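Content type compact mmCIF, C-alpha atoms and all ligand atoms, from the file work.txt:
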# COMPACT_ATOMS: atom_id res chain seq x y z
CA MET E 1 -28.49 11.26 35.54
CA ARG E 2 -26.64 13.31 32.93
CA HIS E 3 -27.78 15.49 30.03
CA PHE E 4 -25.68 16.07 26.90
CA LEU E 5 -26.09 19.77 26.14
CA THR E 6 -22.52 20.91 25.41
CA LEU E 7 -19.06 19.33 25.53
CA LYS E 8 -18.19 21.88 28.20
CA ASP E 9 -19.97 19.66 30.76
CA TYR E 10 -17.87 16.63 29.82
CA SER E 11 -14.31 15.63 30.74
CA LYS E 12 -11.75 14.44 28.22
CA GLU E 13 -12.08 10.91 29.64
CA GLU E 14 -15.87 10.94 29.26
CA ILE E 15 -15.75 12.20 25.66
CA LEU E 16 -13.25 9.48 24.73
CA GLU E 17 -15.29 6.84 26.57
CA ILE E 18 -18.42 7.73 24.57
CA VAL E 19 -16.53 7.76 21.26
CA ASP E 20 -14.89 4.40 22.05
CA LEU E 21 -18.22 2.89 23.06
CA GLY E 22 -19.63 4.06 19.71
CA LEU E 23 -16.69 2.44 17.90
CA GLU E 24 -17.31 -0.85 19.75
CA ILE E 25 -21.02 -0.75 18.88
CA LYS E 26 -20.10 -0.02 15.25
CA LYS E 27 -17.77 -3.05 15.15
CA ASP E 28 -20.52 -5.27 16.55
CA LEU E 29 -23.05 -3.95 14.04
CA LYS E 30 -20.69 -4.59 11.12
CA ALA E 31 -20.28 -8.16 12.44
CA GLY E 32 -24.06 -8.56 12.43
CA LYS E 33 -24.40 -8.33 16.22
CA TYR E 34 -27.15 -6.13 17.66
CA ASN E 35 -26.84 -4.96 21.27
CA LYS E 36 -30.42 -4.45 22.42
CA GLU E 37 -29.27 -2.38 25.37
CA LEU E 38 -32.19 0.04 25.22
CA GLU E 39 -34.93 -2.54 24.80
CA MET E 40 -38.44 -1.16 25.49
CA GLN E 41 -37.06 2.38 25.81
CA THR E 42 -38.37 5.37 23.88
CA LEU E 43 -36.53 8.42 22.59
CA ALA E 44 -38.61 11.56 21.95
CA MET E 45 -37.07 13.63 19.14
CA ILE E 46 -38.27 17.25 19.05
CA PHE E 47 -37.34 19.01 15.81
CA GLU E 48 -37.88 22.76 15.46
CA LYS E 49 -35.45 22.82 12.50
CA SER E 50 -34.87 20.53 9.49
CA SER E 51 -32.63 17.50 9.57
CA THR E 52 -31.54 14.54 7.49
CA ARG E 53 -28.62 12.99 9.40
CA THR E 54 -29.76 13.69 12.95
CA ARG E 55 -33.23 12.30 12.46
CA VAL E 56 -32.19 9.21 10.50
CA SER E 57 -29.28 8.38 12.83
CA PHE E 58 -31.22 8.73 16.09
CA GLU E 59 -34.29 6.92 14.80
CA THR E 60 -32.27 4.08 13.28
CA GLY E 61 -29.92 3.95 16.26
CA MET E 62 -32.72 3.67 18.79
CA PHE E 63 -34.38 0.91 16.75
CA GLN E 64 -31.10 -1.03 16.49
CA LEU E 65 -30.68 -0.77 20.27
CA GLY E 66 -34.08 -2.40 20.76
CA GLY E 67 -36.01 0.80 21.47
CA HIS E 68 -38.32 3.15 19.62
CA ALA E 69 -37.99 6.80 18.56
CA LEU E 70 -40.83 9.32 18.22
CA PHE E 71 -40.44 12.09 15.64
CA LEU E 72 -42.11 15.23 17.03
CA SER E 73 -41.97 18.27 14.79
CA ASN E 74 -43.12 21.54 16.29
CA ARG E 75 -45.86 21.61 13.67
CA ASP E 76 -47.36 18.53 15.31
CA ILE E 77 -46.97 19.08 19.05
CA HIS E 78 -48.41 21.85 21.19
CA LEU E 79 -44.95 23.30 21.85
CA GLY E 80 -45.26 24.92 18.42
CA ARG E 81 -48.60 26.47 19.46
CA GLY E 82 -47.25 27.97 22.65
CA GLU E 83 -47.47 25.23 25.29
CA PRO E 84 -44.67 26.16 27.71
CA VAL E 85 -41.33 24.38 27.43
CA LYS E 86 -41.47 23.41 31.10
CA ASP E 87 -44.87 21.71 30.70
CA THR E 88 -43.76 19.91 27.54
CA ALA E 89 -40.63 18.72 29.38
CA ARG E 90 -42.62 17.40 32.35
CA VAL E 91 -45.13 15.58 30.12
CA ILE E 92 -42.67 14.03 27.65
CA SER E 93 -40.17 13.00 30.31
CA SER E 94 -42.92 11.26 32.27
CA MET E 95 -43.51 8.89 29.35
CA CYS E 96 -40.21 8.63 27.44
CA ASN E 97 -36.77 7.44 28.55
CA MET E 98 -34.66 10.01 26.70
CA VAL E 99 -35.24 13.22 24.74
CA MET E 100 -33.34 14.72 21.82
CA ILE E 101 -34.03 18.34 20.86
CA ARG E 102 -33.05 20.40 17.81
CA THR E 103 -34.00 24.01 18.32
CA PHE E 104 -32.99 27.65 18.00
CA LYS E 105 -32.07 29.21 21.35
CA HIS E 106 -29.74 27.19 23.55
CA SER E 107 -31.64 28.45 26.60
CA MET E 108 -34.72 26.47 25.44
CA ILE E 109 -32.86 23.19 25.75
CA GLU E 110 -31.42 24.23 29.13
CA GLU E 111 -34.89 25.04 30.40
CA PHE E 112 -36.25 21.76 29.04
CA ALA E 113 -33.42 19.82 30.71
CA SER E 114 -34.03 21.52 34.06
CA TYR E 115 -37.62 20.20 34.07
CA SER E 116 -36.87 16.80 32.52
CA LYS E 117 -36.75 13.61 34.55
CA VAL E 118 -34.78 11.86 31.77
CA PRO E 119 -31.55 12.65 29.88
CA VAL E 120 -31.80 15.42 27.27
CA ILE E 121 -29.51 15.41 24.23
CA ASN E 122 -28.70 18.54 22.24
CA GLY E 123 -29.40 17.71 18.59
CA LEU E 124 -28.24 21.23 17.55
CA THR E 125 -29.00 24.70 18.81
CA ASP E 126 -27.96 28.09 17.43
CA SER E 127 -24.99 27.84 19.81
CA PHE E 128 -23.74 24.24 19.81
CA HIS E 129 -23.82 20.98 17.86
CA PRO E 130 -21.98 18.59 20.21
CA ILE E 131 -23.26 15.26 18.80
CA GLN E 132 -21.68 16.15 15.45
CA LEU E 133 -18.30 16.49 17.16
CA LEU E 134 -18.59 12.98 18.64
CA ALA E 135 -18.93 11.62 15.08
CA ASP E 136 -16.16 13.90 13.82
CA TYR E 137 -13.72 12.76 16.49
CA MET E 138 -14.72 9.13 15.91
CA THR E 139 -13.82 9.62 12.24
CA ILE E 140 -10.50 11.27 13.15
CA LYS E 141 -9.69 8.21 15.31
CA GLU E 142 -10.70 5.73 12.62
CA TYR E 143 -8.41 7.44 10.15
CA GLY E 144 -5.58 7.39 12.72
CA MET E 145 -5.29 11.17 12.80
CA GLU E 146 -5.65 11.85 16.53
CA LYS E 147 -1.89 12.16 17.15
CA ASN E 148 -0.40 15.61 16.40
CA LEU E 149 -3.85 16.75 15.34
CA VAL E 150 -4.06 20.28 13.94
CA VAL E 151 -7.58 21.24 12.85
CA ALA E 152 -8.21 24.25 10.63
CA TYR E 153 -11.80 25.50 10.47
CA VAL E 154 -12.49 27.96 7.65
CA GLY E 155 -15.81 29.82 7.51
CA ASP E 156 -18.57 31.12 9.71
CA GLY E 157 -18.20 31.46 13.48
CA ASN E 158 -21.27 29.38 14.35
CA ASN E 159 -22.57 26.40 16.36
CA MET E 160 -19.98 24.13 14.70
CA THR E 161 -17.06 26.45 15.53
CA ASN E 162 -18.27 26.74 19.12
CA SER E 163 -18.34 22.96 19.34
CA TRP E 164 -14.88 22.58 17.77
CA LEU E 165 -13.62 25.10 20.34
CA MET E 166 -14.93 22.96 23.18
CA LEU E 167 -13.59 19.71 21.69
CA SER E 168 -10.13 21.18 21.19
CA ALA E 169 -10.08 22.72 24.67
CA LYS E 170 -11.12 19.44 26.31
CA LEU E 171 -8.95 17.05 24.30
CA GLY E 172 -5.93 19.34 23.99
CA PHE E 173 -5.30 19.55 20.23
CA GLU E 174 -4.47 22.59 18.10
CA LEU E 175 -7.41 24.43 16.52
CA ARG E 176 -7.17 27.37 14.13
CA ILE E 177 -10.31 29.19 13.13
CA ALA E 178 -10.40 31.59 10.17
CA THR E 179 -13.57 33.64 9.74
CA PRO E 180 -14.27 36.77 7.71
CA LYS E 181 -14.28 40.00 9.70
CA GLY E 182 -17.64 40.42 11.41
CA TYR E 183 -18.31 36.65 11.52
CA GLU E 184 -15.93 35.77 14.37
CA VAL E 185 -16.63 33.11 16.97
CA ASP E 186 -18.68 33.89 20.06
CA ALA E 187 -16.42 35.79 22.47
CA THR E 188 -17.77 34.05 25.60
CA VAL E 189 -17.33 30.56 24.16
CA LEU E 190 -13.82 31.49 23.02
CA GLN E 191 -12.95 32.74 26.49
CA ASP E 192 -14.35 29.58 28.10
CA ALA E 193 -12.40 27.41 25.68
CA GLN E 194 -9.18 29.32 26.27
CA LYS E 195 -9.59 28.89 30.02
CA ILE E 196 -10.06 25.12 29.67
CA ALA E 197 -7.20 24.98 27.14
CA LYS E 198 -4.78 26.21 29.80
CA GLU E 199 -5.29 22.90 31.63
CA SER E 200 -5.41 20.60 28.59
CA GLY E 201 -2.55 22.24 26.66
CA ALA E 202 -4.74 22.94 23.62
CA ILE E 203 -3.56 25.66 21.26
CA ILE E 204 -6.44 27.80 20.01
CA LYS E 205 -5.92 30.52 17.43
CA VAL E 206 -8.51 32.74 15.76
CA MET E 207 -7.74 34.76 12.63
CA ASN E 208 -9.21 36.19 9.43
CA ASP E 209 -6.83 34.54 6.95
CA PRO E 210 -7.84 31.07 5.67
CA LYS E 211 -4.33 30.39 4.32
CA GLU E 212 -2.70 31.02 7.68
CA ALA E 213 -5.20 28.66 9.33
CA VAL E 214 -4.76 25.84 6.82
CA CYS E 215 -0.93 25.97 6.61
CA ASN E 216 0.34 22.48 7.65
CA ALA E 217 -3.00 21.51 9.22
CA THR E 218 -3.81 17.79 9.39
CA VAL E 219 -7.60 18.24 9.19
CA VAL E 220 -9.41 21.02 7.33
CA THR E 221 -13.10 21.59 7.93
CA THR E 222 -15.86 24.06 7.19
CA ASP E 223 -19.63 24.49 7.46
CA THR E 224 -22.40 26.33 5.65
CA TRP E 225 -22.08 30.12 5.49
CA ALA E 226 -25.76 30.56 6.39
CA SER E 227 -27.02 28.32 9.16
CA MET E 228 -30.65 27.34 9.71
CA GLY E 229 -32.50 30.47 10.77
CA GLN E 230 -30.16 32.76 8.75
CA GLU E 231 -31.71 32.08 5.33
CA ASN E 232 -32.51 35.78 4.74
CA GLU E 233 -28.82 36.71 5.23
CA LYS E 234 -27.64 34.24 2.59
CA GLU E 235 -27.04 36.68 -0.27
CA GLN E 236 -25.07 39.10 1.90
CA ARG E 237 -23.07 36.28 3.41
CA ILE E 238 -22.08 34.90 -0.02
CA LYS E 239 -20.54 38.33 -0.71
CA ASP E 240 -18.89 38.64 2.70
CA PHE E 241 -17.37 35.14 2.60
CA ARG E 242 -15.60 35.64 -0.75
CA GLY E 243 -12.17 33.99 -0.49
CA PHE E 244 -13.28 31.54 2.20
CA MET E 245 -14.18 28.58 -0.03
CA VAL E 246 -12.19 25.44 0.81
CA ASP E 247 -10.90 24.26 -2.58
CA SER E 248 -7.89 22.30 -3.85
CA ASP E 249 -5.67 25.41 -3.86
CA LEU E 250 -6.36 26.17 -0.20
CA MET E 251 -6.13 22.48 0.74
CA SER E 252 -2.70 22.24 -0.93
CA LEU E 253 -1.32 24.38 1.92
CA ALA E 254 -2.27 21.72 4.49
CA LYS E 255 -0.15 18.63 5.22
CA LYS E 256 0.03 16.29 2.22
CA SER E 257 -1.87 13.61 4.13
CA ALA E 258 -4.48 16.09 5.42
CA LYS E 259 -8.16 15.19 5.31
CA PHE E 260 -11.25 17.30 4.81
CA LEU E 261 -14.31 17.01 7.05
CA HIS E 262 -17.78 18.53 6.63
CA CYS E 263 -20.77 18.01 8.93
CA LEU E 264 -23.10 18.33 5.92
CA PRO E 265 -25.30 19.49 4.29
CA ALA E 266 -22.65 20.99 1.98
CA TYR E 267 -23.17 23.90 -0.38
CA ARG E 268 -20.86 23.24 -3.31
CA GLY E 269 -19.43 26.39 -4.86
CA GLN E 270 -19.83 28.24 -1.55
CA GLU E 271 -17.96 26.95 1.54
CA VAL E 272 -16.46 24.03 -0.40
CA SER E 273 -15.70 23.36 -4.07
CA GLU E 274 -17.35 20.44 -5.86
CA GLU E 275 -13.93 18.98 -6.67
CA LEU E 276 -12.60 19.07 -3.10
CA LEU E 277 -15.73 17.57 -1.61
CA GLU E 278 -15.79 14.75 -4.15
CA ASN E 279 -12.05 14.08 -3.62
CA HIS E 280 -12.73 13.64 0.09
CA ALA E 281 -16.12 11.96 -0.27
CA GLU E 282 -14.99 8.73 1.37
CA ILE E 283 -14.13 10.38 4.69
CA VAL E 284 -16.96 12.93 4.59
CA PHE E 285 -19.61 10.25 4.15
CA SER E 286 -17.95 8.01 6.77
CA GLU E 287 -18.21 11.03 9.06
CA ALA E 288 -21.94 11.21 8.27
CA GLU E 289 -22.39 7.46 8.88
CA ASN E 290 -20.57 7.80 12.18
CA ARG E 291 -23.42 9.95 13.45
CA LEU E 292 -25.34 6.69 13.84
CA HIS E 293 -22.59 4.85 15.73
CA ALA E 294 -21.46 7.76 17.91
CA GLN E 295 -25.02 8.56 19.02
CA LYS E 296 -25.72 4.92 19.83
CA GLY E 297 -22.62 5.10 22.03
CA LEU E 298 -23.94 8.28 23.62
CA MET E 299 -27.43 6.88 24.32
CA VAL E 300 -26.05 3.68 25.87
CA TRP E 301 -23.57 5.74 27.93
CA LEU E 302 -26.30 8.12 29.17
CA ASP E 303 -28.52 5.18 30.05
CA LYS E 304 -25.71 3.70 32.17
CA GLN E 305 -25.34 6.97 34.13
CA ARG E 306 -28.76 6.74 35.76
CA GLY E 307 -28.83 5.01 39.08
N1 LIG E 401 -24.91 17.48 10.25
C1 LIG E 401 -26.20 17.44 10.61
O1 LIG E 401 -26.56 17.63 11.78
O2 LIG E 401 -27.05 17.12 9.61
P1 LIG E 401 -28.65 17.28 9.61
O3 LIG E 401 -28.96 18.74 9.70
O4 LIG E 401 -29.07 16.65 8.33
O5 LIG E 401 -29.19 16.54 10.80
N1 LIG E 402 -24.33 25.40 11.19
C1 LIG E 402 -25.31 24.56 10.54
C2 LIG E 402 -25.09 23.13 10.89
C3 LIG E 402 -26.00 22.16 10.18
C4 LIG E 402 -25.80 20.74 10.59
C5 LIG E 402 -26.71 25.01 10.96
O1 LIG E 402 -26.90 25.31 12.15
O2 LIG E 402 -27.59 25.08 10.12

Please lay out the structure from this file as structure tokens.
Amino acid sequence: MRHFLTLKDYSKEEILEIVDLGLEIKKDLKAGKYNKELEMQTLAMIFEKSSTRTRVSFETGMFQLGGHALFLSNRDIHLGRGEPVKDTARVISSMCNMVMIRTFKHSMIEEFASYSKVPVINGLTDSFHPIQLLADYMTIKEYGMEKNLVVAYVGDGNNMTNSWLMLSAKLGFELRIATPKGYEVDATVLQDAQKIAKESGAIIKVMNDPKEAVCNATVVTTDTWASMGQENEKEQRIKDFRGFMVDSDLMSLAKKSAKFLHCLPAYRGQEVSEELLENHAEIVFSEAENRLHAQKGLMVWLDKQRG
């Protein structure tokens, strides 16, 4: 049995297998064919933070696969009133077939997984957002951009950057990350990624200049300047991130054919300009839709791993 907590635990071959399975399932769905591979199975979804895409994609995905998803906010279950994580894990995993968790500390999901009898999926922690990267890479493949891929990430060193670091290190493409001073990526994750990159041939560069990062990139991406849980830092961050908005001027330094990705939700006029987002709306909203297909691929793949 496998959990899906970070991409660090997955090989290049496994990541590509999951993405390709998602693409196959997507093709079938578009042709009107439903694969009820998870018939009679239940997915518990524990949300300690807000979500639009993650909730809708997992709930819809599980239904399309013939199963059922339970939405459990921490306002509704005893976890939010102090029932220990290990007890919650033992109870839920005795009744459900898979668990997805969106929470704050990454250690919570690790503890949950260590007591769970069923696969646990990371639906976002303060440290990582690996399911988003499955959808992002699926989108990169669909747009035929996986060859000579150079990704420039401009913005906050957060759970998305950590996940891009792992994806680049595993798959072996070039990643440049530009953050303002004081908002750099996590040093331990960077070190881990650089170690893995030595084997895969990935080129990873971190810097404080957005222009340097974007120069000749084939994909440019960003994320909110204030992640969930950092709402009270928002005003300060808007000041500190001046000059880090991805707009048409910055994008003009990338390759002519370059595409823009955003995990969403987007804050127009902050990390991305209204104009740039709308110019790249087709790919950005395909990326969002791909959350559904990639996660169906992941759930079917995880189900196949149990004996
Ligand atoms: N990108 C993403 O995870 O979106 P939600 O927060 O809406 O789930
Ligand atoms: N970094 C953002 C991602 C949202 C999908 C957050 O954690 O809020």

Which residue, E:Asp76, E:Asp223, E:Asp240, E:Glu111, has the smallest gap to ligand LIG 402 (chain E) when you use all atoms listed in the file?
-> E:Asp223

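With only C-alpha atoms as the atoms that count, the residue of E:His262, E:His68, E:Lys296, E:Arg90 with the shortest distance to Met45 (chain E) is E:His68.
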
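Residues in contact with ligand LIG 401 (chain E) comprise Lys49, Ser50, Ser51, Thr52, Arg53, Thr54, Arg55, Val56, Ser57, Arg102, Gly123, Leu124, His129, Ile131, Gln132, Met228, His262, Cys263, Leu264, Pro265, Ala288 and Arg291 of chain E, where contact means an atom-to-atom distance of at most 9 Å counting all atoms listed in the file.
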
Neighbouring residues of Val246 (chain E) were defined as those with any atom within 10 Å, considering only C-alpha atoms; residues of the same chain fewer than 4 positions away were excluded. Please report them as a compact mmCIF listing (two decimals) with C-alpha atoms, keeping the file's coordinate frame.
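The resulting result-v7.txt:
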# COMPACT_ATOMS: atom_id res chain seq x y z
CA TYR E 153 -11.80 25.50 10.47
CA VAL E 154 -12.49 27.96 7.65
CA GLY E 155 -15.81 29.82 7.51
CA PRO E 210 -7.84 31.07 5.67
CA LYS E 211 -4.33 30.39 4.32
CA VAL E 214 -4.76 25.84 6.82
CA VAL E 220 -9.41 21.02 7.33
CA THR E 221 -13.10 21.59 7.93
CA THR E 222 -15.86 24.06 7.19
CA LEU E 250 -6.36 26.17 -0.20
CA MET E 251 -6.13 22.48 0.74
CA PHE E 260 -11.25 17.30 4.81
CA ARG E 268 -20.86 23.24 -3.31
CA GLY E 269 -19.43 26.39 -4.86
CA GLN E 270 -19.83 28.24 -1.55
CA GLU E 271 -17.96 26.95 1.54
CA VAL E 272 -16.46 24.03 -0.40
CA SER E 273 -15.70 23.36 -4.07
CA GLU E 274 -17.35 20.44 -5.86
CA LEU E 276 -12.60 19.07 -3.10
CA LEU E 277 -15.73 17.57 -1.61

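Of the residues under consideration (E:Gln64, E:Thr88, E:Asn162, E:Ser73), E:Thr88 shows the shortest atom-to-atom contact distance to Ile109 (chain E) when counting all atoms listed in the file.
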
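Closest to ligand LIG 402 (chain E) among E:Leu38, E:Ile203, E:Ala69, E:Ala266 is E:Ala266, based on only C-alpha atoms and all ligand atoms.
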
May I have the protein, DNA and RNA residues with an atom at most 10 Å from (-34.4, 7.9, 27.0), counting all atoms listed in the file in the file's coordinates, returned as JSON, numbers by chain?
-> {"E": [38, 41, 42, 43, 44, 62, 67, 68, 69, 93, 95, 96, 97, 98, 99, 100, 117, 118, 119, 120, 121, 299, 300, 302, 303]}

Excluding Ala258 (chain E) and residues on its chain fewer than 2 positions from it, collect all residues at most 12 Å away from it, counting only C-alpha atoms, and give them as a ChimeraX atom specification.
-> /E:140,143-146,148-152,214-221,248,250-256,260-261,279-280,283

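For the atom pair formed by CA of Val85 (chain E) and CA of Phe112 (chain E), the distance is 5.9 Å, given to one decimal.
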
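You can rank E:Ala169, E:Met160, E:Leu79, E:Val19 by their closest distance to ligand LIG 402 (chain E) using only C-alpha atoms and all ligand atoms, and at the top of that list sits E:Met160.
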
Excluding same-chain residues fewer than 5 positions from Lys198 (chain E), what lies within 12 Å of it counting all atoms listed in the file, as a PyMOL selection string?
-> chain E and resi 168-173+191-193+203-204

If you count only C-alpha atoms, which residues fall within 7 Å of Leu7 (chain E), apart from same-chain ones fewer than 3 positions away, as number ranges by chain?
-> E: 10, 130, 166-167

If you keep C-alpha atoms, can you produce a file of those selected residues as a compact mmCIF listing (two decimals), in the coordinates of the input?
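New file out_20.txt:
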# COMPACT_ATOMS: atom_id res chain seq x y z
CA TYR E 10 -17.87 16.63 29.82
CA PRO E 130 -21.98 18.59 20.21
CA MET E 166 -14.93 22.96 23.18
CA LEU E 167 -13.59 19.71 21.69

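Our summary of the geometry notes that CA of Leu16 (chain E) is positioned 28.6 Å from CA of Met207 (chain E).
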
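Interatomic distance, CA of Phe104 (chain E) against CA of Phe63 (chain E): 26.8 Å.
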
Nearest to ligand LIG 402 (chain E), chosen from E:Lys30, E:Arg176, E:Lys181, E:Lys234, with only C-alpha atoms and all ligand atoms counted in the distances = E:Lys234

Enclosing box along x, y and z for every listed atom of region 229-242 of chain E, padded 3 Å each side, centre and size in Å, one decimal, as JSON:
{"center_x": -24.1, "center_y": 34.8, "center_z": 5.0, "size_x": 22.9, "size_y": 14.6, "size_z": 17.5}
